[in-house]
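What's in run_27.cif: mmCIF, C-alpha atoms
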data_final
loop_
_atom_site.label_atom_id
_atom_site.label_comp_id
_atom_site.auth_asym_id
_atom_site.auth_seq_id
_atom_site.Cartn_x
_atom_site.Cartn_y
_atom_site.Cartn_z
CA MET H 1 0.00 0.00 0.00
CA LYS H 2 1.36 3.39 -1.00
CA PHE H 3 2.43 5.84 1.68
CA PRO H 4 -0.08 8.77 1.78
CA ALA H 5 2.51 11.45 1.01
CA SER H 6 0.05 13.58 -0.96
CA VAL H 7 -2.21 13.87 2.08
CA LEU H 8 0.72 14.94 4.25
CA ALA H 9 1.81 17.56 1.69
CA SER H 10 -1.72 18.97 1.41
CA VAL H 11 -2.14 19.29 5.18
CA PHE H 12 1.31 20.82 5.63
CA LEU H 13 0.67 23.51 3.02
CA PHE H 14 -2.81 24.17 4.44
CA VAL H 15 -1.62 24.61 8.03
CA ALA H 16 1.59 26.49 7.18
CA GLU H 17 -0.09 28.98 4.84
CA THR H 18 -3.00 29.63 7.20
CA THR H 19 -0.64 30.18 10.15
CA ALA H 20 1.61 32.51 8.14
CA ALA H 21 -1.40 34.50 6.90
CA LEU H 22 -2.76 34.93 10.45
CA TYR H 23 0.65 36.10 11.68
CA LEU H 24 1.02 38.56 8.79
CA SER H 25 -2.48 39.94 9.34
CA SER H 26 -1.55 40.64 12.97
CA THR H 27 1.49 42.64 11.81
CA TYR H 28 -0.74 44.65 9.46
CA ARG H 29 -3.06 45.38 12.38
CA SER H 30 -0.14 46.56 14.51
CA ALA H 31 0.99 48.85 11.69
CA GLY H 32 -2.51 50.26 11.24
CA ASP H 33 -3.03 48.82 7.75
CA ARG H 34 -6.60 47.63 8.27
CA MET H 35 -7.36 47.16 4.56
CA TRP H 36 -4.34 44.88 4.02
CA GLN H 37 -5.29 43.00 7.19
CA ALA H 38 -8.87 42.45 6.02
CA LEU H 39 -7.84 41.25 2.55
CA THR H 40 -5.16 38.93 3.97
CA LEU H 41 -7.70 37.37 6.34
CA LEU H 42 -10.28 37.07 3.54
CA PHE H 43 -7.93 35.18 1.22
CA SER H 44 -6.90 32.96 4.13
CA LEU H 45 -10.22 32.10 5.78
CA MET H 46 -12.35 31.81 2.63
CA PRO H 47 -10.37 28.83 1.19
CA CYS H 48 -10.32 27.30 4.70
CA ALA H 49 -14.12 27.20 4.73
CA LEU H 50 -14.24 25.84 1.17
CA VAL H 51 -11.74 23.10 2.04
CA GLN H 52 -13.90 22.03 5.01
CA LEU H 53 -16.99 21.88 2.80
CA THR H 54 -15.11 19.88 0.17
CA LEU H 55 -13.94 17.26 2.66
CA VAL H 56 -17.43 16.95 4.16
CA PHE H 57 -19.01 16.66 0.69
CA VAL H 58 -16.58 14.01 -0.61
CA HIS H 59 -16.88 11.86 2.53
CA ARG H 60 -20.71 12.37 2.70
CA ASP H 61 -20.55 13.21 6.39
CA LEU H 62 -23.88 15.05 6.31
CA SER H 63 -25.71 11.77 5.69
CA ARG H 64 -23.76 9.92 8.40
CA ASP H 65 -24.00 10.16 12.15
CA ARG H 66 -20.61 11.79 12.88
CA PRO H 67 -21.26 14.92 14.97
CA LEU H 68 -17.67 15.09 16.27
CA VAL H 69 -16.27 15.22 12.73
CA LEU H 70 -18.70 17.98 11.75
CA LEU H 71 -17.76 19.95 14.88
CA LEU H 72 -14.05 19.68 14.03
CA HIS H 73 -14.78 20.95 10.53
CA LEU H 74 -16.70 23.90 11.98
CA LEU H 75 -13.62 24.65 14.10
CA GLN H 76 -11.45 24.52 10.92
CA LEU H 77 -9.67 21.42 12.25
CA GLY H 78 -11.10 18.99 9.71
CA PRO H 79 -7.94 18.50 7.60
CA LEU H 80 -5.87 17.70 10.71
CA PHE H 81 -8.39 15.10 11.86
CA ARG H 82 -8.60 13.61 8.38
CA CYS H 83 -4.79 13.37 8.20
CA PHE H 84 -4.71 11.61 11.58
CA GLU H 85 -7.42 9.22 10.37
CA VAL H 86 -5.46 8.48 7.17
CA PHE H 87 -2.31 7.52 9.05
CA CYS H 88 -4.29 5.38 11.50
CA ILE H 89 -5.77 3.45 8.57
CA TYR H 90 -2.35 3.16 6.92
CA CYS H 91 -0.64 1.82 10.07
CA GLN H 92 -3.42 -0.66 10.88
CA SER H 93 -3.54 -2.02 7.34
CA ASN H 94 0.02 -3.34 7.64
CA HIS H 95 -0.88 -5.52 10.64
CA ASN H 96 -4.42 -6.74 9.99
CA GLU H 97 -5.61 -8.97 7.17
CA GLU H 98 -8.92 -7.89 5.69
CA PRO H 99 -11.58 -10.57 5.20
CA TYR H 100 -13.46 -8.60 2.52
CA VAL H 101 -11.86 -7.37 -0.66
CA SER H 102 -13.13 -6.10 -4.00
CA ILE H 103 -11.76 -6.87 -7.45
CA THR H 104 -10.85 -4.00 -9.78
CA LYS H 105 -9.91 -4.36 -13.42
CA LYS H 106 -7.48 -1.99 -15.10
CA ARG H 107 -5.89 -2.10 -18.53
CA GLN H 108 -2.18 -1.62 -18.96
CA ILE H 109 -0.74 1.09 -21.18
CA PRO H 110 -0.23 -0.59 -24.59
CA LYS H 111 3.22 -2.00 -25.23
CA ASN H 112 4.10 -3.07 -28.77
CA GLY H 113 0.46 -2.54 -29.72
CA ARG H 114 -0.88 -4.88 -27.01
CA SER H 115 -2.83 -3.99 -23.88
CA GLU H 116 -3.53 -6.53 -21.14
CA GLU H 117 -6.21 -6.34 -18.48
CA ILE H 118 -5.06 -6.72 -14.88
CA GLU H 119 -7.17 -7.69 -11.89
CA ARG H 120 -6.26 -6.34 -8.44
CA GLU H 121 -7.65 -7.03 -5.00
CA VAL H 122 -8.54 -3.82 -3.18
CA GLY H 123 -9.25 -4.05 0.53
CA GLN H 124 -11.45 -1.75 2.57
CA ALA H 125 -8.46 0.11 4.01
CA GLU H 126 -7.04 0.81 0.56
CA GLY H 127 -10.45 1.97 -0.63
CA LYS H 128 -10.70 4.39 2.29
CA LEU H 129 -7.21 5.72 1.60
CA PHE H 130 -8.15 6.24 -2.04
CA THR H 131 -11.18 8.31 -0.96
CA HIS H 132 -9.01 10.39 1.38
CA ARG H 133 -6.39 11.02 -1.33
CA SER H 134 -9.09 12.07 -3.78
CA ALA H 135 -10.66 14.43 -1.25
CA PHE H 136 -7.34 16.07 -0.33
CA SER H 137 -6.38 16.43 -4.00
CA ARG H 138 -9.56 18.36 -4.69
CA ALA H 139 -9.10 20.40 -1.52
CA SER H 140 -5.55 21.33 -2.60
CA VAL H 141 -6.80 22.59 -5.96
CA ILE H 142 -9.49 24.69 -4.25
CA GLN H 143 -7.05 26.13 -1.71
CA ALA H 144 -4.51 26.91 -4.44
CA PHE H 145 -6.66 28.86 -6.89
CA LEU H 146 -9.37 30.35 -4.68
CA GLY H 147 -7.04 31.30 -1.85
CA SER H 148 -3.30 31.06 -2.48
CA ALA H 149 -3.37 32.69 -5.93
CA PRO H 150 -5.21 35.85 -4.78
CA GLN H 151 -3.08 35.89 -1.63
CA LEU H 152 0.19 35.77 -3.58
CA THR H 153 -1.01 38.53 -5.93
CA LEU H 154 -2.06 40.72 -2.98
CA GLN H 155 1.18 40.31 -1.01
CA LEU H 156 3.36 40.93 -4.06
CA TYR H 157 1.33 44.06 -4.83
CA ILE H 158 1.85 45.32 -1.27
CA SER H 159 5.58 44.63 -1.58
CA VAL H 160 5.74 46.68 -4.81
CA LEU H 161 3.90 49.61 -3.24
CA GLN H 162 5.98 49.59 -0.04
CA GLN H 163 9.20 48.73 -1.97
CA GLN H 164 10.23 46.18 0.61
CA VAL H 165 9.66 42.52 1.43
CA THR H 166 9.44 41.69 5.11
CA PHE H 167 10.29 38.22 6.39
CA GLY H 168 6.67 37.36 7.18
CA ARG H 169 5.41 38.53 3.79
CA GLY H 170 8.20 36.77 1.92
CA PHE H 171 7.52 33.54 3.82
CA LEU H 172 3.79 33.72 3.05
CA MET H 173 4.46 34.45 -0.64
CA THR H 174 6.78 31.44 -0.85
CA LEU H 175 4.17 29.16 0.73
CA SER H 176 1.44 30.56 -1.51
CA LEU H 177 3.51 29.95 -4.64
CA LEU H 178 4.27 26.38 -3.52
CA SER H 179 0.58 25.85 -2.78
CA ILE H 180 -0.46 27.09 -6.25
CA VAL H 181 2.16 24.98 -8.02
CA TYR H 182 1.19 21.93 -5.97
CA GLY H 183 -2.49 22.55 -6.71
CA ALA H 184 -1.75 22.83 -10.43
CA LEU H 185 0.29 19.61 -10.24
CA ARG H 186 -2.60 17.82 -8.52
CA CYS H 187 -4.91 19.21 -11.21
CA ASN H 188 -2.70 17.67 -13.90
CA ILE H 189 -2.65 14.29 -12.14
CA LEU H 190 -6.42 14.38 -11.55
CA ALA H 191 -6.97 15.19 -15.22
CA ILE H 192 -4.83 12.25 -16.32
CA LYS H 193 -6.56 9.80 -13.96
CA ILE H 194 -10.04 10.98 -14.93
CA LYS H 195 -9.37 10.92 -18.67
CA TYR H 196 -7.71 7.49 -18.55
CA ASP H 197 -9.75 5.94 -15.75
CA GLU H 198 -9.79 2.48 -17.33
CA TYR H 199 -5.99 2.31 -17.50
CA GLU H 200 -3.44 1.72 -14.78
CA VAL H 201 -1.61 5.05 -14.72
CA LYS H 202 1.86 5.34 -13.19
CA VAL H 203 3.44 8.79 -13.11
CA LYS H 204 7.25 8.76 -13.07
CA PRO H 205 9.34 11.10 -10.88
CA LEU H 206 10.71 12.97 -13.91
CA ALA H 207 7.13 13.71 -14.94
CA TYR H 208 6.50 15.33 -11.55
CA VAL H 209 9.67 17.41 -11.91
CA CYS H 210 8.69 18.52 -15.41
CA ILE H 211 5.17 19.51 -14.30
CA PHE H 212 6.59 21.37 -11.28
CA LEU H 213 8.95 23.43 -13.47
CA TRP H 214 6.24 24.06 -16.08
CA ARG H 215 3.75 25.30 -13.51
CA SER H 216 6.31 27.30 -11.52
CA PHE H 217 7.39 29.40 -14.51
CA GLU H 218 3.84 29.78 -15.80
CA ILE H 219 2.26 30.89 -12.51
CA ALA H 220 5.15 33.09 -11.34
CA THR H 221 5.30 35.06 -14.59
CA ARG H 222 1.51 35.42 -14.71
CA VAL H 223 1.29 36.79 -11.15
CA ILE H 224 4.17 39.24 -11.72
CA VAL H 225 2.57 40.54 -14.93
CA LEU H 226 -0.76 41.10 -13.17
CA VAL H 227 0.92 42.88 -10.25
CA LEU H 228 2.94 45.18 -12.52
CA PHE H 229 -0.17 46.11 -14.49
CA THR H 230 -2.20 46.63 -11.30
CA SER H 231 0.39 49.00 -9.86
CA ILE H 232 -0.20 51.53 -12.66
CA MET H 233 -3.75 50.73 -13.86
CA LYS H 234 -5.85 50.08 -10.77
CA THR H 235 -9.15 50.58 -12.58
CA TRP H 236 -8.39 48.82 -15.84
CA VAL H 237 -7.11 45.73 -14.06
CA LEU H 238 -10.67 45.07 -12.90
CA VAL H 239 -11.75 45.02 -16.54
CA VAL H 240 -8.97 42.54 -17.39
CA ILE H 241 -9.84 40.29 -14.45
CA LEU H 242 -13.59 40.36 -15.07
CA VAL H 243 -13.23 39.67 -18.81
CA ASN H 244 -10.92 36.72 -18.07
CA PHE H 245 -13.12 35.40 -15.29
CA PHE H 246 -16.48 35.59 -17.04
CA SER H 247 -15.02 34.24 -20.29
CA PHE H 248 -13.97 31.01 -18.59
CA PHE H 249 -16.97 30.94 -16.24
CA LEU H 250 -19.58 31.23 -18.99
CA TYR H 251 -17.79 29.13 -21.64
CA PRO H 252 -18.89 25.70 -20.25
CA TRP H 253 -22.46 26.96 -19.79
CA ILE H 254 -22.61 28.33 -23.36
CA LEU H 255 -21.44 24.97 -24.72
CA PHE H 256 -24.05 23.24 -22.55
CA TRP H 257 -26.89 25.47 -23.74
CA CYS H 258 -25.82 25.14 -27.39
CA SER H 259 -25.75 21.32 -27.11
CA GLY H 260 -29.43 21.20 -26.07
CA SER H 261 -28.70 18.49 -23.49
CA PRO H 262 -31.00 18.03 -20.47
CA PHE H 263 -29.93 19.35 -17.08
CA PRO H 264 -27.53 16.84 -15.42
CA GLU H 265 -29.16 14.88 -12.62
CA ASN H 266 -26.53 12.23 -11.84
CA ILE H 267 -23.86 14.24 -10.04
CA GLU H 268 -24.98 13.17 -6.57
CA LYS H 269 -28.13 11.23 -5.72
CA ALA H 270 -28.70 13.11 -2.45
CA LEU H 271 -28.65 16.51 -4.18
CA SER H 272 -31.77 18.28 -5.36
CA ARG H 273 -31.95 20.22 -8.60
CA VAL H 274 -30.99 23.42 -6.78
CA GLY H 275 -28.09 21.67 -5.04
CA THR H 276 -26.86 20.31 -8.37
CA ALA H 277 -26.97 23.81 -9.87
CA ILE H 278 -24.97 25.17 -6.91
CA VAL H 279 -22.33 22.44 -7.29
CA LEU H 280 -22.06 23.11 -11.05
CA CYS H 281 -21.71 26.85 -10.46
CA PHE H 282 -18.96 26.18 -7.92
CA LEU H 283 -17.15 23.91 -10.39
CA THR H 284 -17.29 26.55 -13.11
CA LEU H 285 -16.10 29.12 -10.56
CA LEU H 286 -13.10 26.93 -9.76
CA TYR H 287 -12.53 26.30 -13.47
CA ALA H 288 -12.44 30.04 -14.15
CA GLY H 289 -10.13 30.63 -11.17
CA ILE H 290 -7.64 28.04 -12.44
CA ASN H 291 -7.59 29.38 -15.99
CA MET H 292 -7.03 32.92 -14.71
CA PHE H 293 -3.51 31.90 -13.67
CA CYS H 294 -2.63 28.78 -15.68
CA TRP H 295 -3.93 26.11 -18.03
CA SER H 296 -6.50 23.96 -16.22
CA ALA H 297 -5.43 20.71 -17.98
CA VAL H 298 -9.11 19.67 -18.11
CA GLN H 299 -12.06 20.88 -20.15
CA LEU H 300 -15.25 21.22 -18.15
CA LYS H 301 -18.17 19.68 -20.04
CA ILE H 302 -21.48 19.98 -18.21
CA ASN H 303 -23.43 17.74 -20.60
CA ASN H 304 -20.95 14.90 -19.96
CA PRO H 305 -21.79 12.45 -17.12
CA ASP H 306 -18.20 12.79 -15.83
CA LEU H 307 -18.37 16.62 -16.24
CA ILE H 308 -14.97 16.50 -17.96
CA SER H 309 -14.12 16.04 -21.61
CA LYS H 310 -11.83 13.02 -22.01
CA SER H 311 -10.52 13.97 -25.46
CA GLN H 312 -7.05 15.51 -25.85
CA ASN H 313 -7.64 18.80 -27.70
CA TRP H 314 -4.31 20.28 -28.82
CA TYR H 315 -6.10 23.12 -30.59
CA GLN H 316 -7.56 24.51 -27.34
CA LEU H 317 -4.16 24.19 -25.68
CA LEU H 318 -2.50 26.10 -28.52
CA VAL H 319 -5.14 28.83 -28.55
CA TYR H 320 -4.95 29.29 -24.77
CA TYR H 321 -1.17 29.72 -24.61
CA MET H 322 -1.03 31.96 -27.68
CA ALA H 323 -3.80 34.19 -26.31
CA ARG H 324 -2.22 34.28 -22.83
CA PHE H 325 1.21 35.14 -24.24
CA ILE H 326 -0.26 37.99 -26.31
CA GLU H 327 -2.21 39.25 -23.30
CA ASN H 328 0.89 39.21 -21.08
CA ALA H 329 2.86 41.07 -23.75
CA ILE H 330 0.17 43.75 -24.06
CA LEU H 331 -0.06 44.22 -20.28
CA LEU H 332 3.72 44.54 -20.03
CA LEU H 333 3.77 47.05 -22.89
CA VAL H 334 1.14 49.19 -21.13
CA TRP H 335 3.14 48.97 -17.90
CA TYR H 336 6.29 50.06 -19.75
CA LEU H 337 4.55 53.07 -21.30
CA PHE H 338 2.90 54.29 -18.08
CA LYS H 339 5.28 53.11 -15.34
CA THR H 340 5.75 55.47 -12.38
CA ASP H 341 8.75 56.59 -10.36
CA ILE H 342 8.67 53.54 -8.08
CA TYR H 343 10.29 51.63 -10.95
CA MET H 344 13.08 54.17 -11.33
CA TYR H 345 15.81 51.66 -10.49
CA VAL H 346 14.28 48.81 -12.50
CA CYS H 347 15.58 48.03 -15.98
CA ALA H 348 12.17 47.78 -17.63
CA PRO H 349 13.21 46.26 -21.02
CA LEU H 350 15.25 43.58 -19.28
CA LEU H 351 12.38 42.77 -16.91
CA ILE H 352 9.91 42.48 -19.80
CA LEU H 353 12.32 40.20 -21.67
CA GLN H 354 12.82 38.01 -18.59
CA LEU H 355 9.08 37.62 -18.04
CA LEU H 356 8.35 36.74 -21.68
CA VAL H 357 11.26 34.29 -21.76
CA GLY H 358 10.04 32.82 -18.48
CA TYR H 359 6.59 32.21 -19.95
CA CYS H 360 8.15 30.64 -23.05
CA THR H 361 10.20 28.42 -20.73
CA ALA H 362 6.97 27.24 -19.11
CA ILE H 363 5.59 26.37 -22.55
CA LEU H 364 8.80 24.51 -23.35
CA PHE H 365 8.55 22.35 -20.20
CA MET H 366 4.89 21.68 -21.01
CA LEU H 367 5.80 20.44 -24.50
CA VAL H 368 8.59 18.28 -23.05
CA PHE H 369 6.12 16.73 -20.60
CA TYR H 370 3.52 15.88 -23.23
CA GLN H 371 6.13 14.63 -25.68
CA PHE H 372 8.33 12.50 -23.40
CA PHE H 373 6.98 12.11 -19.83
CA HIS H 374 3.19 11.89 -20.10
CA PRO H 375 2.24 8.47 -18.66
CA CYS H 376 -0.40 7.88 -21.37
CA LYS H 377 1.40 9.36 -24.37
CA LYS H 378 1.02 6.08 -26.27
CA LEU H 379 -2.75 6.57 -26.23
CA PHE H 380 -2.58 9.95 -27.98
CA SER H 381 -4.03 10.01 -31.48
CA SER H 382 -1.20 12.41 -32.37
CA SER H 383 1.87 13.51 -30.42
CA VAL H 384 2.98 17.08 -29.78
CA SER H 385 5.62 16.95 -32.51
CA GLU H 386 3.17 15.55 -35.07
CA SER H 387 0.57 18.20 -34.20
CA PHE H 388 3.22 20.91 -34.44
CA GLN H 389 4.35 19.65 -37.84
CA ALA H 390 0.74 19.57 -39.06
CA TRP H 391 0.26 23.13 -37.82
CA LEU H 392 3.42 24.26 -39.62
CA LYS H 393 2.17 22.68 -42.82
CA CYS H 394 -1.15 24.50 -42.49
CA VAL H 395 0.71 27.78 -41.98
CA CYS H 396 3.31 27.25 -44.69
CA CYS H 397 1.03 25.81 -47.40
CA PRO H 398 -0.79 29.11 -48.12
CA CYS H 399 2.58 30.86 -48.38
CA ARG H 400 3.91 28.21 -50.76
CA TRP H 401 0.70 28.31 -52.79
CA GLN H 402 0.88 32.09 -53.12
CA LYS H 403 4.55 31.92 -54.16
CA SER H 404 3.89 29.17 -56.69
CA CYS H 405 1.00 31.13 -58.20
CA GLU H 406 3.26 34.16 -58.57
CA LEU H 407 5.85 31.99 -60.37
CA VAL H 408 3.12 30.57 -62.57
CA GLY H 409 1.94 34.07 -63.50
CA LYS H 410 5.46 35.15 -64.41
CA ALA H 411 6.02 32.00 -66.49
CA ASP H 412 2.75 32.46 -68.36
CA LEU H 413 3.58 36.10 -69.09
CA LYS H 414 7.03 35.16 -70.35
CA SER H 415 5.70 32.37 -72.59
CA PHE H 416 3.04 34.71 -73.99
CA ARG H 417 5.70 37.25 -74.94
CA ASP H 418 7.89 34.55 -76.55
CA GLN H 419 4.94 33.35 -78.64
CA ASP H 420 4.30 36.87 -79.90
CA GLU H 421 7.92 37.23 -81.01
CA THR H 422 8.32 33.80 -82.77
CA PRO H 423 6.86 32.84 -86.23
CA SER H 424 3.42 31.28 -86.45
CA THR H 425 4.87 27.84 -87.39
CA SER H 426 6.61 27.60 -84.04
CA LYS H 427 3.27 27.94 -82.16
CA ILE H 428 2.23 24.40 -83.09
CA ASN H 429 4.30 22.73 -80.33
CA PRO H 430 3.40 23.81 -76.81
CA ASP H 431 6.03 25.39 -74.65
CA PRO H 432 7.28 23.02 -71.93
CA THR H 433 7.37 25.90 -69.45
CA GLN H 434 3.71 26.57 -70.13
CA MET H 435 2.88 22.89 -69.68
CA SER H 436 4.56 22.74 -66.31
CA ALA H 437 2.87 25.97 -65.26
CA ASN H 438 -0.57 24.72 -66.28
CA ALA H 439 0.08 21.42 -64.54
CA LEU H 440 1.16 23.25 -61.40
CA CYS H 441 -1.99 25.41 -61.37
CA SER H 442 -4.19 22.38 -61.92
CA VAL H 443 -2.83 20.57 -58.81
#
Represent the structure from my file as structure tokens, please.
Amino acid sequence: MKFPASVLASVFLFVAETTAALYLSSTYRSAGDRMWQALTLLFSLMPCALVQLTLVFVHRDLSRDRPLVLLLHLLQLGPLFRCFEVFCIYCQSNHNEEPYVSITKKRQIPKNGRSEEIEREVGQAEGKLFTHRSAFSRASVIQAFLGSAPQLTLQLYISVLQQQVTFGRGFLMTLSLLSIVYGALRCNILAIKIKYDEYEVKVKPLAYVCIFLWRSFEIATRVIVLVLFTSIMKTWVLVVILVNFFSFFLYPWILFWCSGSPFPENIEKALSRVGTAIVLCFLTLLYAGINMFCWSAVQLKINNPDLISKSQNWYQLLVYYMARFIENAILLLVWYLFKTDIYMYVCAPLLILQLLVGYCTAILFMLVFYQFFHPCKKLFSSSVSESFQAWLKCVCCPCRWQKSCELVGKADLKSFRDQDETPSTSKINPDPTQMSANALCSV
């Protein structure tokens, strides 16, 4: 049975970031910065409450007689209790043999064109650990993008305005960045396991390293760009944020309404129609929050029973990163044109170049992951390199066609002039240049 390291990492980041945020808010109160204190507490306590609700919802504690567990969640101690419960289950499973097991069937990743089906015995303890891991993975994603991402943006903005980074603020920013990167990593792993649920997926350590570097560069550059733009355009940044947010929030609903599918009823049996609508709105809210800072790795599809599209769409991936790169470049250009005196000692062109190169580095690590380290790359209908070559052909073919037509026009004009200058007897045999030109145009 695997050691529950992901649970331990989620709880550590949750407790450490919450503690650091509470300490930093107390320093803001001592300094008289009530607005910074209120925002720091908001971005700390709001994800705490959402994490408690997520754990209760996944474990279905509302339909079970567990008043102590519900009380601990109300006291914001739910993750600590869940972590203690996980390690109790893990330690007891190594000493006790379980009389009841279930059989699961998974297919192996194809090797040499063959895929075998494997049967595994899963005991009750392992099933409980799987539920706990799934719950903490979802809680980490919620904490990362509905709490840590706004918190990191806020603290970096305060550091720019005050032109200093205190120890407490720097420590909280470091934890917030780690929490966002870890949440994005869990989002990638969740997407892989949901899309390829029928296969036995094993993620190698190098894949984790590649995802970590990809997400670190992508999120760090995105947050810095937003903070730089906010420092000079406090009003227009609201427009940028709202356009980004509502674009991703409404996109799954627009696809759902255009499909004409009935309202999904199979998310959770205990939920009413209103409860289902609330859960779907929360999922689209989380989906929009993720895409505000990085690629979500999953496509929310409300008319799908699994709520997630299982197809690998390289076109959407390409469009997202091209649009995000252009947006970052425009925001940096506006910052460069309207920057204030607080950036007097900053080499603006070098900073812009570093941020754009950093974002390109994130894209490079992403391509390396999908090309070499994705655990299910053999199941792709087309690899990254093949898709890139096809895209290059689509881009280059119109250019080649235009150039060939220009050559054809020149050849036809030249042959027409030659025919006018030669005697009429020589016009019986067609000109080979004209034949090749006509053949080229007819292709």
| request: Evaluate the PyMOL selection byres ((chain H and resi 373-377) around 9) here and jot the selected residues down as a PyMOL selection string. | output: chain H and resi 109+192+196+199+201-204+206-208+210+368-372+378-383
Next, dump the selected residues to file, keeping only C-alpha atoms, as a JSON list (two decimals), keeping the file's coordinate frame.
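The resulting result_30.json:
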[["chain", "number", "residue", "atom", "x", "y", "z"],
["H", 109, "ILE", "CA", -0.74, 1.09, -21.18],
["H", 192, "ILE", "CA", -4.83, 12.25, -16.32],
["H", 196, "TYR", "CA", -7.71, 7.49, -18.55],
["H", 199, "TYR", "CA", -5.99, 2.31, -17.50],
["H", 201, "VAL", "CA", -1.61, 5.05, -14.72],
["H", 202, "LYS", "CA", 1.86, 5.34, -13.19],
["H", 203, "VAL", "CA", 3.44, 8.79, -13.11],
["H", 204, "LYS", "CA", 7.25, 8.76, -13.07],
["H", 206, "LEU", "CA", 10.71, 12.97, -13.91],
["H", 207, "ALA", "CA", 7.13, 13.71, -14.94],
["H", 208, "TYR", "CA", 6.50, 15.33, -11.55],
["H", 210, "CYS", "CA", 8.69, 18.52, -15.41],
["H", 368, "VAL", "CA", 8.59, 18.28, -23.05],
["H", 369, "PHE", "CA", 6.12, 16.73, -20.60],
["H", 370, "TYR", "CA", 3.52, 15.88, -23.23],
["H", 371, "GLN", "CA", 6.13, 14.63, -25.68],
["H", 372, "PHE", "CA", 8.33, 12.50, -23.40],
["H", 378, "LYS", "CA", 1.02, 6.08, -26.27],
["H", 379, "LEU", "CA", -2.75, 6.57, -26.23],
["H", 380, "PHE", "CA", -2.58, 9.95, -27.98],
["H", 381, "SER", "CA", -4.03, 10.01, -31.48],
["H", 382, "SER", "CA", -1.20, 12.41, -32.37],
["H", 383, "SER", "CA", 1.87, 13.51, -30.42]]
Considering only C-alpha atoms, return as a PyMOL selection string whatever protein or nucleic-acid residues lie within 7 Å of Leu355 of chain H, sequence-local ones (same chain, fewer than 4 positions apart) excluded. chain H and resi 221+351+359
Based on the selection just made, write C-alpha atoms of those residues as a PDB file, in the coordinates of the input.
ATOM      1  CA  THR H 221       5.300  35.060 -14.590  1.00  0.00           C
ATOM      2  CA  LEU H 351      12.380  42.770 -16.910  1.00  0.00           C
ATOM      3  CA  TYR H 359       6.590  32.210 -19.950  1.00  0.00           C
TER       4      TYR H 359
END
On this file, the PyMOL selection byres ((chain H and resi 171) around 12) gives some set of residues; write that set as a PyMOL selection string.
-> chain H and resi 16-21+23-24+152+155-156+165-170+172-178
Would you mind exporting C-alpha atoms of the selected residues as a compact mmCIF listing (two decimals), in the frame of the given file?
# COMPACT_ATOMS: atom_id res chain seq x y z
CA ALA H 16 1.59 26.49 7.18
CA GLU H 17 -0.09 28.98 4.84
CA THR H 18 -3.00 29.63 7.20
CA THR H 19 -0.64 30.18 10.15
CA ALA H 20 1.61 32.51 8.14
CA ALA H 21 -1.40 34.50 6.90
CA TYR H 23 0.65 36.10 11.68
CA LEU H 24 1.02 38.56 8.79
CA LEU H 152 0.19 35.77 -3.58
CA GLN H 155 1.18 40.31 -1.01
CA LEU H 156 3.36 40.93 -4.06
CA VAL H 165 9.66 42.52 1.43
CA THR H 166 9.44 41.69 5.11
CA PHE H 167 10.29 38.22 6.39
CA GLY H 168 6.67 37.36 7.18
CA ARG H 169 5.41 38.53 3.79
CA GLY H 170 8.20 36.77 1.92
CA LEU H 172 3.79 33.72 3.05
CA MET H 173 4.46 34.45 -0.64
CA THR H 174 6.78 31.44 -0.85
CA LEU H 175 4.17 29.16 0.73
CA SER H 176 1.44 30.56 -1.51
CA LEU H 177 3.51 29.95 -4.64
CA LEU H 178 4.27 26.38 -3.52
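Closest approach to Leu80 of chain H among H:Leu22, H:Val51, H:Val15, H:Ala139 is made by H:Val15 (distances from only C-alpha atoms).
Using only C-alpha atoms, the shortest contact distance between Gly289 of chain H and any of H:Pro264, H:Pro150, H:Pro205, H:Pro252 is found at H:Pro150.
Here atom CA of Leu146 of chain H and atom CA of Leu286 of chain H stand 7.2 Å from one another.
Minimum atom-to-atom distances from H:Ile219, H:Asn304, H:Leu331, H:Tyr251 to Met292 of chain H were compared using all atoms listed in the file, and the lowest value belongs to H:Ile219.
Proximity to Ile211 of chain H was assessed for H:Phe136, H:Phe57, H:Phe43, H:Phe365 counting only C-alpha atoms; the smallest distance is recorded for H:Phe365.
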Starting from the incomplete input, reconstruct N, CA and C atoms of segment 6-11 of chain H and report them as a PDB file, in the frame of the given file.
ATOM      1  N   SER H   6       0.813  12.452  -0.438  1.00  0.00           N
ATOM      2  CA  SER H   6       0.050  13.580  -0.960  1.00  0.00           C
ATOM      3  C   SER H   6      -0.840  14.199   0.116  1.00  0.00           C
ATOM      4  N   VAL H   7      -1.384  13.362   0.988  1.00  0.00           N
ATOM      5  CA  VAL H   7      -2.210  13.870   2.080  1.00  0.00           C
ATOM      6  C   VAL H   7      -1.370  14.714   3.030  1.00  0.00           C
ATOM      7  N   LEU H   8      -0.176  14.212   3.346  1.00  0.00           N
ATOM      8  CA  LEU H   8       0.720  14.940   4.250  1.00  0.00           C
ATOM      9  C   LEU H   8       1.132  16.276   3.645  1.00  0.00           C
ATOM     10  N   ALA H   9       1.423  16.308   2.348  1.00  0.00           N
ATOM     11  CA  ALA H   9       1.810  17.560   1.690  1.00  0.00           C
ATOM     12  C   ALA H   9       0.654  18.559   1.685  1.00  0.00           C
ATOM     13  N   SER H  10      -0.561  18.080   1.423  1.00  0.00           N
ATOM     14  CA  SER H  10      -1.720  18.970   1.410  1.00  0.00           C
ATOM     15  C   SER H  10      -1.974  19.591   2.779  1.00  0.00           C
ATOM     16  N   VAL H  11      -1.894  18.778   3.823  1.00  0.00           N
ATOM     17  CA  VAL H  11      -2.140  19.290   5.180  1.00  0.00           C
ATOM     18  C   VAL H  11      -1.044  20.243   5.608  1.00  0.00           C
TER      19      VAL H  11
END
